[in-house]
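J.: Once you've had a glance at the structure underneath, I'll fire off some questions.
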Amino acid sequence: MTDTAGSVAAERPIRVLLADDQPLLRTGFRMVLGAEADIDIVGEAGDGSEAVELSRRLLPDVVLMDIRMPRMDGVAATKLIVDAQLPVHILILTTFDLDEYVVGALRAGAGGFLSKDVPADELITAIRTVARGEAVVAPRILRRLLERFADRLPDPSERPPVALDSLTEREREVLVNVARGLSNSEIAKELTVSETTVKTHVGHVLTKLGLRDRVQAVVLAYESGLVKPRQ
């Protein structure tokens with residue numbers, strides 16, 4: 001997903017599909033999101049299969065996707081939607097006890113993830129961000145889930161994968177800071193360069209490593225050992 005592909009036109013509301021097997025939660029989300037003038041709830045799905053079906057039929061801008069659902073979980077549903085190349089962005093909702101599924105969802109092409117207890121204003125901001133085709137990276141949550149898999153990650157003392165050899169030293173620095181959860185403006189201050197320069201470096205990193213967005217860049221940085229858990 002790029003910053004422009006599938007972006008929502010400013011003149012119309014963001015069309016959101018709610019996918020969660022708990023009706024009470026869907027009602028809560030509908031009440032919170034329905035109060036926003038620029039967000040329109042276009043449908044609800046009670047399982048992953050229905051989420052895929054409604055995504056194909058309704059083409060929402062954003063699917064607010066639960067992970068654990070009957071018939072088909074959120075990871076499988078996300079993969080089917082992404083593989084179908086629908087102009088639909090996926091925002092995953094999860095709980096810490098389902099961290100394994102979050103990594104799978106990010107690999108499948110989700111645009112980001114949030115905890116189910118996220119404050120309403122953060123949820124609304126995340127939906128708007130994902131609808132623009134940008135990624136929502138929750139660095140503290142990501143660090144916490146990756147720390148659970150520390151024993152599965154490569155030894156940081158080992159040589160990084162060959163793919164990282166294509167990066168310049170400055171691009172590696174930018175990737176490390178992206179993995180730390182810094183924004184472009186924060187990275188610019190950290191490296192004493194312009195924000196435009198950082199955006200250029202981020203674009204080069206994504207292109208060279210064949211990544212869709214910053215979320216996948218963060219996962220790769222940890223999985224490759226370039227960034228260590230708890231660093």
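Following the order of the structure tokens, first chain is A, next is B, and so on, with residues numbered from 1 inside each chain and ligands from 1 in the order they appear.
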When you look at A:Gly74 with a cut-off of 10 Å (counting only C-alpha atoms), what residues show up, excluding the ones that are within fewer than 2 positions of it in the same chain? I need them as a PDB file with all heavy atoms, in the first residue's frame.
T.:
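What follows is the written file around04.pdb:
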```
ATOM      1  N   ALA A  19     -15.784  -5.436  11.302  1.00  0.00           N
ATOM      2  CA  ALA A  19     -15.714  -6.900  11.293  1.00  0.00           C
ATOM      3  C   ALA A  19     -15.333  -7.394  12.683  1.00  0.00           C
ATOM      4  O   ALA A  19     -14.173  -7.329  13.085  1.00  0.00           O
ATOM      5  CB  ALA A  19     -14.707  -7.380  10.253  1.00  0.00           C
ATOM      6  N   ASP A  20     -16.312  -7.889  13.419  1.00  0.00           N
ATOM      7  CA  ASP A  20     -16.097  -8.388  14.775  1.00  0.00           C
ATOM      8  C   ASP A  20     -17.244  -9.330  15.102  1.00  0.00           C
ATOM      9  O   ASP A  20     -18.393  -9.049  14.755  1.00  0.00           O
ATOM     10  CB  ASP A  20     -16.057  -7.223  15.784  1.00  0.00           C
ATOM     11  CG  ASP A  20     -15.475  -7.636  17.122  1.00  0.00           C
ATOM     12  OD1 ASP A  20     -16.074  -8.510  17.781  1.00  0.00           O
ATOM     13  OD2 ASP A  20     -14.426  -7.091  17.513  1.00  0.00           O
ATOM     14  N   ASP A  47     -18.001 -12.404  10.989  1.00  0.00           N
ATOM     15  CA  ASP A  47     -16.906 -13.372  10.872  1.00  0.00           C
ATOM     16  C   ASP A  47     -16.034 -13.002   9.689  1.00  0.00           C
ATOM     17  O   ASP A  47     -16.381 -12.114   8.896  1.00  0.00           O
ATOM     18  CB  ASP A  47     -17.439 -14.806  10.730  1.00  0.00           C
ATOM     19  CG  ASP A  47     -18.331 -14.987   9.512  1.00  0.00           C
ATOM     20  OD1 ASP A  47     -17.837 -14.809   8.374  1.00  0.00           O
ATOM     21  OD2 ASP A  47     -19.522 -15.311   9.683  1.00  0.00           O
ATOM     22  N   GLY A  48     -14.892 -13.693   9.559  1.00  0.00           N
ATOM     23  CA  GLY A  48     -13.943 -13.357   8.510  1.00  0.00           C
ATOM     24  C   GLY A  48     -14.474 -13.559   7.108  1.00  0.00           C
ATOM     25  O   GLY A  48     -14.222 -12.744   6.208  1.00  0.00           O
ATOM     26  N   SER A  49     -15.226 -14.636   6.894  1.00  0.00           N
ATOM     27  CA  SER A  49     -15.770 -14.912   5.560  1.00  0.00           C
ATOM     28  C   SER A  49     -16.712 -13.797   5.124  1.00  0.00           C
ATOM     29  O   SER A  49     -16.683 -13.343   3.980  1.00  0.00           O
ATOM     30  CB  SER A  49     -16.511 -16.253   5.555  1.00  0.00           C
ATOM     31  OG  SER A  49     -15.627 -17.316   5.772  1.00  0.00           O
ATOM     32  N   ALA A  51     -16.625 -10.774   6.217  1.00  0.00           N
ATOM     33  CA  ALA A  51     -15.819  -9.569   6.019  1.00  0.00           C
ATOM     34  C   ALA A  51     -15.246  -9.530   4.604  1.00  0.00           C
ATOM     35  O   ALA A  51     -15.233  -8.475   3.956  1.00  0.00           O
ATOM     36  CB  ALA A  51     -14.685  -9.522   7.039  1.00  0.00           C
ATOM     37  N   VAL A  52     -14.777 -10.677   4.115  1.00  0.00           N
ATOM     38  CA  VAL A  52     -14.246 -10.748   2.754  1.00  0.00           C
ATOM     39  C   VAL A  52     -15.363 -10.495   1.741  1.00  0.00           C
ATOM     40  O   VAL A  52     -15.204  -9.724   0.790  1.00  0.00           O
ATOM     41  CB  VAL A  52     -13.594 -12.121   2.490  1.00  0.00           C
ATOM     42  CG1 VAL A  52     -13.177 -12.237   1.024  1.00  0.00           C
ATOM     43  CG2 VAL A  52     -12.391 -12.320   3.406  1.00  0.00           C
ATOM     44  N   LEU A  64     -12.314  -2.366   9.747  1.00  0.00           N
ATOM     45  CA  LEU A  64     -11.863  -2.458  11.135  1.00  0.00           C
ATOM     46  C   LEU A  64     -12.008  -3.930  11.509  1.00  0.00           C
ATOM     47  O   LEU A  64     -13.113  -4.409  11.765  1.00  0.00           O
ATOM     48  CB  LEU A  64     -12.734  -1.564  12.015  1.00  0.00           C
ATOM     49  CG  LEU A  64     -12.184  -1.164  13.381  1.00  0.00           C
ATOM     50  CD1 LEU A  64     -10.847  -0.455  13.245  1.00  0.00           C
ATOM     51  CD2 LEU A  64     -13.177  -0.277  14.113  1.00  0.00           C
ATOM     52  N   MET A  65     -10.888  -4.649  11.504  1.00  0.00           N
ATOM     53  CA  MET A  65     -10.895  -6.113  11.516  1.00  0.00           C
ATOM     54  C   MET A  65     -10.451  -6.698  12.860  1.00  0.00           C
ATOM     55  O   MET A  65      -9.342  -6.438  13.330  1.00  0.00           O
ATOM     56  CB  MET A  65      -9.955  -6.624  10.423  1.00  0.00           C
ATOM     57  CG  MET A  65      -9.910  -8.138  10.257  1.00  0.00           C
ATOM     58  SD  MET A  65     -11.245  -8.767   9.234  1.00  0.00           S
ATOM     59  CE  MET A  65     -10.619  -8.307   7.583  1.00  0.00           C
ATOM     60  N   ASP A  66     -11.341  -7.504  13.446  1.00  0.00           N
ATOM     61  CA  ASP A  66     -10.964  -8.269  14.630  1.00  0.00           C
ATOM     62  C   ASP A  66     -10.096  -9.439  14.171  1.00  0.00           C
ATOM     63  O   ASP A  66     -10.139  -9.852  13.018  1.00  0.00           O
ATOM     64  CB  ASP A  66     -12.220  -8.775  15.338  1.00  0.00           C
ATOM     65  CG  ASP A  66     -11.915  -9.462  16.659  1.00  0.00           C
ATOM     66  OD1 ASP A  66     -10.841  -9.205  17.229  1.00  0.00           O
ATOM     67  OD2 ASP A  66     -12.756 -10.254  17.119  1.00  0.00           O
ATOM     68  N   ILE A  67      -9.295  -9.987  15.080  1.00  0.00           N
ATOM     69  CA  ILE A  67      -8.440 -11.119  14.728  1.00  0.00           C
ATOM     70  C   ILE A  67      -9.170 -12.449  14.860  1.00  0.00           C
ATOM     71  O   ILE A  67      -9.298 -13.200  13.907  1.00  0.00           O
ATOM     72  CB  ILE A  67      -7.175 -11.128  15.617  1.00  0.00           C
ATOM     73  CG1 ILE A  67      -6.221 -10.014  15.180  1.00  0.00           C
ATOM     74  CG2 ILE A  67      -6.456 -12.470  15.527  1.00  0.00           C
ATOM     75  CD1 ILE A  67      -5.535 -10.271  13.868  1.00  0.00           C
ATOM     76  N   ARG A  68      -9.656 -12.726  16.045  1.00  0.00           N
ATOM     77  CA  ARG A  68     -10.262 -14.042  16.281  1.00  0.00           C
ATOM     78  C   ARG A  68     -11.760 -13.993  16.028  1.00  0.00           C
ATOM     79  O   ARG A  68     -12.518 -13.390  16.794  1.00  0.00           O
ATOM     80  CB  ARG A  68      -9.969 -14.512  17.704  1.00  0.00           C
ATOM     81  CG  ARG A  68     -10.565 -15.863  18.037  1.00  0.00           C
ATOM     82  CD  ARG A  68      -9.932 -16.460  19.264  1.00  0.00           C
ATOM     83  NE  ARG A  68      -8.576 -16.938  18.999  1.00  0.00           N
ATOM     84  CZ  ARG A  68      -7.801 -17.496  19.917  1.00  0.00           C
ATOM     85  NH1 ARG A  68      -8.243 -17.635  21.150  1.00  0.00           N
ATOM     86  NH2 ARG A  68      -6.587 -17.918  19.602  1.00  0.00           N
ATOM     87  N   MET A  69     -12.185 -14.628  14.936  1.00  0.00           N
ATOM     88  CA  MET A  69     -13.589 -14.692  14.568  1.00  0.00           C
ATOM     89  C   MET A  69     -13.897 -16.097  14.051  1.00  0.00           C
ATOM     90  O   MET A  69     -12.991 -16.816  13.614  1.00  0.00           O
ATOM     91  CB  MET A  69     -13.912 -13.659  13.476  1.00  0.00           C
ATOM     92  CG  MET A  69     -13.783 -12.213  13.910  1.00  0.00           C
ATOM     93  SD  MET A  69     -14.284 -11.048  12.615  1.00  0.00           S
ATOM     94  CE  MET A  69     -12.909 -11.232  11.454  1.00  0.00           C
ATOM     95  N   PRO A  70     -15.170 -16.505  14.088  1.00  0.00           N
ATOM     96  CA  PRO A  70     -15.532 -17.838  13.590  1.00  0.00           C
ATOM     97  C   PRO A  70     -15.446 -17.926  12.070  1.00  0.00           C
ATOM     98  O   PRO A  70     -15.360 -16.912  11.386  1.00  0.00           O
ATOM     99  CB  PRO A  70     -16.981 -18.005  14.071  1.00  0.00           C
ATOM    100  CG  PRO A  70     -17.490 -16.609  14.218  1.00  0.00           C
ATOM    101  CD  PRO A  70     -16.311 -15.795  14.680  1.00  0.00           C
ATOM    102  N   MET A  72     -13.636 -17.889   9.680  1.00  0.00           N
ATOM    103  CA  MET A  72     -12.352 -17.435   9.137  1.00  0.00           C
ATOM    104  C   MET A  72     -11.817 -16.329  10.042  1.00  0.00           C
ATOM    105  O   MET A  72     -12.542 -15.393  10.373  1.00  0.00           O
ATOM    106  CB  MET A  72     -12.517 -16.909   7.709  1.00  0.00           C
ATOM    107  CG  MET A  72     -11.230 -16.401   7.073  1.00  0.00           C
ATOM    108  SD  MET A  72     -11.528 -15.647   5.440  1.00  0.00           S
ATOM    109  CE  MET A  72     -12.107 -17.077   4.512  1.00  0.00           C
ATOM    110  N   ALA A  76      -6.558 -14.537   7.923  1.00  0.00           N
ATOM    111  CA  ALA A  76      -6.920 -15.135   6.634  1.00  0.00           C
ATOM    112  C   ALA A  76      -7.778 -14.180   5.817  1.00  0.00           C
ATOM    113  O   ALA A  76      -7.601 -14.055   4.591  1.00  0.00           O
ATOM    114  CB  ALA A  76      -7.666 -16.450   6.866  1.00  0.00           C
ATOM    115  N   ALA A  77      -8.696 -13.488   6.481  1.00  0.00           N
ATOM    116  CA  ALA A  77      -9.556 -12.540   5.775  1.00  0.00           C
ATOM    117  C   ALA A  77      -8.734 -11.395   5.194  1.00  0.00           C
ATOM    118  O   ALA A  77      -8.940 -10.971   4.048  1.00  0.00           O
ATOM    119  CB  ALA A  77     -10.621 -11.996   6.730  1.00  0.00           C
ATOM    120  N   THR A  78      -7.781 -10.896   5.974  1.00  0.00           N
ATOM    121  CA  THR A  78      -6.906  -9.825   5.501  1.00  0.00           C
ATOM    122  C   THR A  78      -6.131 -10.256   4.262  1.00  0.00           C
ATOM    123  O   THR A  78      -6.048  -9.525   3.269  1.00  0.00           O
ATOM    124  CB  THR A  78      -5.920  -9.403   6.606  1.00  0.00           C
ATOM    125  OG1 THR A  78      -6.650  -8.833   7.688  1.00  0.00           O
ATOM    126  CG2 THR A  78      -4.908  -8.393   6.092  1.00  0.00           C
ATOM    127  N   LYS A  79      -5.577 -11.460   4.294  1.00  0.00           N
ATOM    128  CA  LYS A  79      -4.790 -11.963   3.171  1.00  0.00           C
ATOM    129  C   LYS A  79      -5.642 -12.071   1.915  1.00  0.00           C
ATOM    130  O   LYS A  79      -5.205 -11.694   0.817  1.00  0.00           O
ATOM    131  CB  LYS A  79      -4.178 -13.311   3.500  1.00  0.00           C
ATOM    132  CG  LYS A  79      -3.168 -13.799   2.451  1.00  0.00           C
ATOM    133  CD  LYS A  79      -2.479 -15.063   2.889  1.00  0.00           C
ATOM    134  CE  LYS A  79      -1.315 -15.405   1.960  1.00  0.00           C
ATOM    135  NZ  LYS A  79      -1.687 -15.385   0.532  1.00  0.00           N
ATOM    136  N   LEU A  80      -6.862 -12.565   2.048  1.00  0.00           N
ATOM    137  CA  LEU A  80      -7.739 -12.700   0.883  1.00  0.00           C
ATOM    138  C   LEU A  80      -8.083 -11.336   0.290  1.00  0.00           C
ATOM    139  O   LEU A  80      -8.104 -11.163  -0.928  1.00  0.00           O
ATOM    140  CB  LEU A  80      -9.014 -13.449   1.269  1.00  0.00           C
ATOM    141  CG  LEU A  80      -8.883 -14.960   1.482  1.00  0.00           C
ATOM    142  CD1 LEU A  80     -10.207 -15.542   1.963  1.00  0.00           C
ATOM    143  CD2 LEU A  80      -8.441 -15.642   0.187  1.00  0.00           C
ATOM    144  N   ILE A  90      -6.846  -2.348   5.655  1.00  0.00           N
ATOM    145  CA  ILE A  90      -7.215  -3.123   6.826  1.00  0.00           C
ATOM    146  C   ILE A  90      -6.564  -2.551   8.080  1.00  0.00           C
ATOM    147  O   ILE A  90      -5.353  -2.355   8.130  1.00  0.00           O
ATOM    148  CB  ILE A  90      -6.772  -4.594   6.697  1.00  0.00           C
ATOM    149  CG1 ILE A  90      -7.164  -5.164   5.334  1.00  0.00           C
ATOM    150  CG2 ILE A  90      -7.357  -5.422   7.846  1.00  0.00           C
ATOM    151  CD1 ILE A  90      -8.636  -5.283   5.109  1.00  0.00           C
ATOM    152  N   ILE A  92      -6.281  -3.597  11.951  1.00  0.00           N
ATOM    153  CA  ILE A  92      -6.503  -4.725  12.851  1.00  0.00           C
ATOM    154  C   ILE A  92      -6.714  -4.259  14.291  1.00  0.00           C
ATOM    155  O   ILE A  92      -6.011  -3.378  14.778  1.00  0.00           O
ATOM    156  CB  ILE A  92      -5.289  -5.686  12.813  1.00  0.00           C
ATOM    157  CG1 ILE A  92      -5.135  -6.307  11.419  1.00  0.00           C
ATOM    158  CG2 ILE A  92      -5.425  -6.769  13.888  1.00  0.00           C
ATOM    159  CD1 ILE A  92      -6.200  -7.295  11.053  1.00  0.00           C
ATOM    160  N   LEU A  93      -7.673  -4.877  14.961  1.00  0.00           N
ATOM    161  CA  LEU A  93      -7.859  -4.671  16.394  1.00  0.00           C
ATOM    162  C   LEU A  93      -7.486  -5.964  17.098  1.00  0.00           C
ATOM    163  O   LEU A  93      -7.869  -7.044  16.658  1.00  0.00           O
ATOM    164  CB  LEU A  93      -9.315  -4.315  16.703  1.00  0.00           C
ATOM    165  CG  LEU A  93      -9.786  -2.953  16.212  1.00  0.00           C
ATOM    166  CD1 LEU A  93     -11.256  -2.754  16.577  1.00  0.00           C
ATOM    167  CD2 LEU A  93      -8.950  -1.833  16.812  1.00  0.00           C
ATOM    168  N   THR A  94      -6.747  -5.860  18.184  1.00  0.00           N
ATOM    169  CA  THR A  94      -6.266  -7.070  18.841  1.00  0.00           C
ATOM    170  C   THR A  94      -6.168  -6.881  20.343  1.00  0.00           C
ATOM    171  O   THR A  94      -6.357  -5.791  20.869  1.00  0.00           O
ATOM    172  CB  THR A  94      -4.885  -7.476  18.293  1.00  0.00           C
ATOM    173  OG1 THR A  94      -4.504  -8.730  18.851  1.00  0.00           O
ATOM    174  CG2 THR A  94      -3.831  -6.444  18.646  1.00  0.00           C
ATOM    175  N   TYR A 101      -1.090 -13.522  16.125  1.00  0.00           N
ATOM    176  CA  TYR A 101      -1.951 -13.243  14.985  1.00  0.00           C
ATOM    177  C   TYR A 101      -1.645 -11.874  14.375  1.00  0.00           C
ATOM    178  O   TYR A 101      -1.807 -11.671  13.178  1.00  0.00           O
ATOM    179  CB  TYR A 101      -3.421 -13.291  15.410  1.00  0.00           C
ATOM    180  CG  TYR A 101      -3.905 -14.672  15.767  1.00  0.00           C
ATOM    181  CD1 TYR A 101      -3.919 -15.108  17.088  1.00  0.00           C
ATOM    182  CD2 TYR A 101      -4.354 -15.554  14.783  1.00  0.00           C
ATOM    183  CE1 TYR A 101      -4.366 -16.381  17.413  1.00  0.00           C
ATOM    184  CE2 TYR A 101      -4.807 -16.820  15.105  1.00  0.00           C
ATOM    185  CZ  TYR A 101      -4.808 -17.229  16.426  1.00  0.00           C
ATOM    186  OH  TYR A 101      -5.247 -18.475  16.747  1.00  0.00           O
ATOM    187  N   VAL A 102      -1.220 -10.933  15.219  1.00  0.00           N
ATOM    188  CA  VAL A 102      -0.929  -9.593  14.718  1.00  0.00           C
ATOM    189  C   VAL A 102       0.217  -9.629  13.719  1.00  0.00           C
ATOM    190  O   VAL A 102       0.154  -9.022  12.649  1.00  0.00           O
ATOM    191  CB  VAL A 102      -0.583  -8.636  15.879  1.00  0.00           C
ATOM    192  CG1 VAL A 102      -0.236  -7.253  15.336  1.00  0.00           C
ATOM    193  CG2 VAL A 102      -1.749  -8.538  16.839  1.00  0.00           C
ATOM    194  N   GLY A 104       1.146 -12.084  11.901  1.00  0.00           N
ATOM    195  CA  GLY A 104       0.638 -12.706  10.684  1.00  0.00           C
ATOM    196  C   GLY A 104      -0.190 -11.744   9.865  1.00  0.00           C
ATOM    197  O   GLY A 104      -0.108 -11.728   8.631  1.00  0.00           O
ATOM    198  N   ALA A 105      -1.002 -10.925  10.532  1.00  0.00           N
ATOM    199  CA  ALA A 105      -1.840  -9.964   9.828  1.00  0.00           C
ATOM    200  C   ALA A 105      -1.006  -8.898   9.133  1.00  0.00           C
ATOM    201  O   ALA A 105      -1.313  -8.475   8.022  1.00  0.00           O
ATOM    202  CB  ALA A 105      -2.817  -9.315  10.808  1.00  0.00           C
ATOM    203  N   ALA A 110      -1.964  -6.021   6.332  1.00  0.00           N
ATOM    204  CA  ALA A 110      -2.750  -5.061   7.103  1.00  0.00           C
ATOM    205  C   ALA A 110      -2.024  -3.727   7.184  1.00  0.00           C
ATOM    206  O   ALA A 110      -0.795  -3.679   7.243  1.00  0.00           O
ATOM    207  CB  ALA A 110      -3.019  -5.605   8.511  1.00  0.00           C
TER     208      ALA A 110
END
```
J.: Hey, what's within 12 Å of A:Leu91 if we count only C-alpha atoms and toss same-chain stuff fewer than 2 positions away? As a ChimeraX atom specification, please?
T.: /A:16-19,60-67,74-75,77-78,88-89,93-94,102,105-106,108-116,123-131,133-138,215
J.: Quick one: residues within 10 Å of A:Arg172, only C-alpha atoms, excluding same-chain residues fewer than 3 positions away - as a compact mmCIF listing (two decimals) with all heavy atoms, in the first residue's frame?
T.:
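Wrote part.txt, looks like this:
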```
# COMPACT_ATOMS: atom_id res chain seq x y z
N LEU A 164 19.52 -6.47 3.27
CA LEU A 164 19.88 -5.20 3.90
C LEU A 164 21.16 -4.62 3.33
O LEU A 164 21.46 -3.45 3.55
CB LEU A 164 20.01 -5.40 5.41
CG LEU A 164 18.73 -5.79 6.16
CD1 LEU A 164 19.01 -5.91 7.65
CD2 LEU A 164 17.62 -4.79 5.91
N ASP A 165 21.94 -5.45 2.62
CA ASP A 165 23.18 -4.95 2.02
C ASP A 165 22.91 -3.88 0.96
O ASP A 165 23.81 -3.11 0.62
CB ASP A 165 23.96 -6.11 1.38
CG ASP A 165 24.59 -7.01 2.43
OD1 ASP A 165 24.65 -6.59 3.60
OD2 ASP A 165 25.03 -8.12 2.06
N SER A 166 21.68 -3.86 0.43
CA SER A 166 21.36 -2.88 -0.61
C SER A 166 21.16 -1.48 -0.03
O SER A 166 21.13 -0.49 -0.77
CB SER A 166 20.10 -3.30 -1.36
OG SER A 166 18.97 -3.33 -0.48
N LEU A 167 21.04 -1.38 1.29
CA LEU A 167 20.81 -0.09 1.92
C LEU A 167 22.12 0.64 2.18
O LEU A 167 23.12 0.03 2.53
CB LEU A 167 20.08 -0.28 3.26
CG LEU A 167 18.73 -0.99 3.24
CD1 LEU A 167 18.15 -1.03 4.65
CD2 LEU A 167 17.76 -0.32 2.28
N THR A 168 22.07 1.96 2.02
CA THR A 168 23.22 2.78 2.41
C THR A 168 23.24 2.89 3.93
O THR A 168 22.26 2.54 4.61
CB THR A 168 23.11 4.19 1.81
OG1 THR A 168 21.96 4.85 2.39
CG2 THR A 168 22.94 4.13 0.29
N GLU A 169 24.32 3.40 4.48
CA GLU A 169 24.43 3.55 5.92
C GLU A 169 23.33 4.47 6.45
O GLU A 169 22.73 4.21 7.49
CB GLU A 169 25.81 4.11 6.29
CG GLU A 169 26.07 4.14 7.80
CD GLU A 169 26.04 2.75 8.42
OE1 GLU A 169 26.43 1.77 7.74
OE2 GLU A 169 25.61 2.64 9.59
N LEU A 175 15.95 3.31 8.81
CA LEU A 175 15.17 2.10 9.09
C LEU A 175 15.14 1.80 10.59
O LEU A 175 14.09 1.46 11.15
CB LEU A 175 15.73 0.91 8.32
CG LEU A 175 15.07 -0.46 8.58
CD1 LEU A 175 13.57 -0.39 8.32
CD2 LEU A 175 15.73 -1.53 7.71
N VAL A 176 16.28 1.94 11.25
CA VAL A 176 16.35 1.70 12.69
C VAL A 176 15.43 2.67 13.43
O VAL A 176 14.70 2.28 14.35
CB VAL A 176 17.79 1.85 13.21
CG1 VAL A 176 17.82 1.91 14.74
CG2 VAL A 176 18.65 0.69 12.72
N ASN A 177 15.42 3.92 13.02
CA ASN A 177 14.58 4.91 13.68
C ASN A 177 13.10 4.70 13.39
O ASN A 177 12.25 4.95 14.23
CB ASN A 177 15.01 6.32 13.29
CG ASN A 177 16.25 6.77 14.04
OD1 ASN A 177 16.22 6.97 15.25
ND2 ASN A 177 17.36 6.93 13.33
N VAL A 178 12.79 4.22 12.18
CA VAL A 178 11.40 3.86 11.87
C VAL A 178 10.96 2.73 12.80
O VAL A 178 9.85 2.73 13.34
CB VAL A 178 11.27 3.42 10.39
CG1 VAL A 178 9.92 2.75 10.15
CG2 VAL A 178 11.40 4.62 9.46
N HIS A 201 14.48 8.92 1.95
CA HIS A 201 15.18 7.73 2.44
C HIS A 201 14.20 6.59 2.75
O HIS A 201 14.46 5.43 2.43
CB HIS A 201 15.99 8.06 3.69
CG HIS A 201 17.25 8.83 3.42
ND1 HIS A 201 18.12 8.50 2.40
CD2 HIS A 201 17.79 9.91 4.04
CE1 HIS A 201 19.14 9.35 2.40
NE2 HIS A 201 18.96 10.22 3.39
N VAL A 202 13.09 6.94 3.39
CA VAL A 202 12.08 5.92 3.71
C VAL A 202 11.57 5.27 2.43
O VAL A 202 11.43 4.05 2.34
CB VAL A 202 10.90 6.53 4.51
CG1 VAL A 202 9.76 5.50 4.63
CG2 VAL A 202 11.35 6.96 5.89
N VAL A 205 14.13 2.88 1.15
CA VAL A 205 14.18 1.66 1.97
C VAL A 205 13.05 0.70 1.58
O VAL A 205 13.27 -0.50 1.37
CB VAL A 205 14.08 2.01 3.47
CG1 VAL A 205 13.84 0.74 4.30
CG2 VAL A 205 15.34 2.70 3.95
N ALA A 221 12.84 -5.05 10.43
CA ALA A 221 13.98 -4.59 11.23
C ALA A 221 14.18 -5.46 12.46
O ALA A 221 15.31 -5.76 12.84
CB ALA A 221 13.76 -3.13 11.64
N LEU A 226 18.30 -6.31 12.99
CA LEU A 226 18.84 -4.96 12.88
C LEU A 226 18.49 -4.15 14.13
O LEU A 226 19.26 -3.32 14.59
CB LEU A 226 18.28 -4.27 11.63
CG LEU A 226 18.86 -2.89 11.29
CD1 LEU A 226 20.35 -3.00 10.98
CD2 LEU A 226 18.11 -2.27 10.10
```
J.: Quick one: DSSP alpha helix (DSSP H) residues in stretch 37-81 of chain A, as an MDAnalysis selection string?
T.: chainID A and resid 48:58 74:81
J.: Save the residues we just selected, C-alpha atoms, as a PDB file, in the first residue's frame?
T.:
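New file again-v5.pdb:
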```
ATOM      1  CA  GLY A  48     -13.943 -13.357   8.510  1.00  0.00           C
ATOM      2  CA  SER A  49     -15.770 -14.912   5.560  1.00  0.00           C
ATOM      3  CA  GLU A  50     -18.478 -12.268   5.742  1.00  0.00           C
ATOM      4  CA  ALA A  51     -15.819  -9.569   6.019  1.00  0.00           C
ATOM      5  CA  VAL A  52     -14.246 -10.748   2.754  1.00  0.00           C
ATOM      6  CA  GLU A  53     -17.636 -10.997   1.032  1.00  0.00           C
ATOM      7  CA  LEU A  54     -18.717  -7.520   2.124  1.00  0.00           C
ATOM      8  CA  SER A  55     -15.325  -6.062   1.233  1.00  0.00           C
ATOM      9  CA  ARG A  56     -15.747  -7.341  -2.317  1.00  0.00           C
ATOM     10  CA  ARG A  57     -19.320  -6.097  -2.549  1.00  0.00           C
ATOM     11  CA  LEU A  58     -19.136  -2.779  -0.701  1.00  0.00           C
ATOM     12  CA  GLY A  74      -8.891 -11.857  10.668  1.00  0.00           C
ATOM     13  CA  VAL A  75      -5.482 -12.889   9.348  1.00  0.00           C
ATOM     14  CA  ALA A  76      -6.920 -15.135   6.634  1.00  0.00           C
ATOM     15  CA  ALA A  77      -9.556 -12.540   5.775  1.00  0.00           C
ATOM     16  CA  THR A  78      -6.906  -9.825   5.501  1.00  0.00           C
ATOM     17  CA  LYS A  79      -4.790 -11.963   3.171  1.00  0.00           C
ATOM     18  CA  LEU A  80      -7.739 -12.700   0.883  1.00  0.00           C
ATOM     19  CA  ILE A  81      -8.705  -9.026   0.684  1.00  0.00           C
TER      20      ILE A  81
END
```
J.: I need the residue nearest A:Val198 from this list: A:Glu173, A:Glu122, A:Asp73, A:Asp213. Use only C-alpha atoms for the distance.
T.: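 Of A:Glu173, A:Glu122, A:Asp73, A:Asp213, the one nearest A:Val198 is A:Glu173, counting only C-alpha atoms.
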J.: Given only C-alpha atoms as the basis, pick out the residue of A:Val118, A:Ile14, A:Gly46, A:Arg212 nearest to A:Gly34.
T.: A:Ile14
J.: Atom CA of A:Pro13 and atom CA of A:Asp38, how far apart in Å?
T.: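 Rounded to one decimal, the two atoms are 4.3 Å apart.
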J.: Here is a test: counting only C-alpha atoms, which residue of A:Asp121, A:Glu44, A:Asp21, A:Glu190 is nearest to A:Arg71?
T.: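 The answer is A:Asp21, which sits nearest to A:Arg71.
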J.: Quick one: pull the distance between atom CA of A:Ser183 and atom CA of A:Gln216, Å, one decimal.
T.: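 Separating atom CA of A:Ser183 from atom CA of A:Gln216 is a distance of 15.1 Å.
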J.: Give me, as a PyMOL selection string, the residues of stretch 6-90 of chain A that a backbone DSSP run labels strand (DSSP E or B).
T.: chain A and resi 14-19+39-45+62-66+89-90
J.: Rank A:Lys208, A:Arg30, A:Arg214, A:Lys199 by their smallest atom-to-atom distance to A:Arg180, using only C-alpha atoms, and report the top residue only.
T.: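 Counting only C-alpha atoms, the residue closest to A:Arg180 is A:Arg214.
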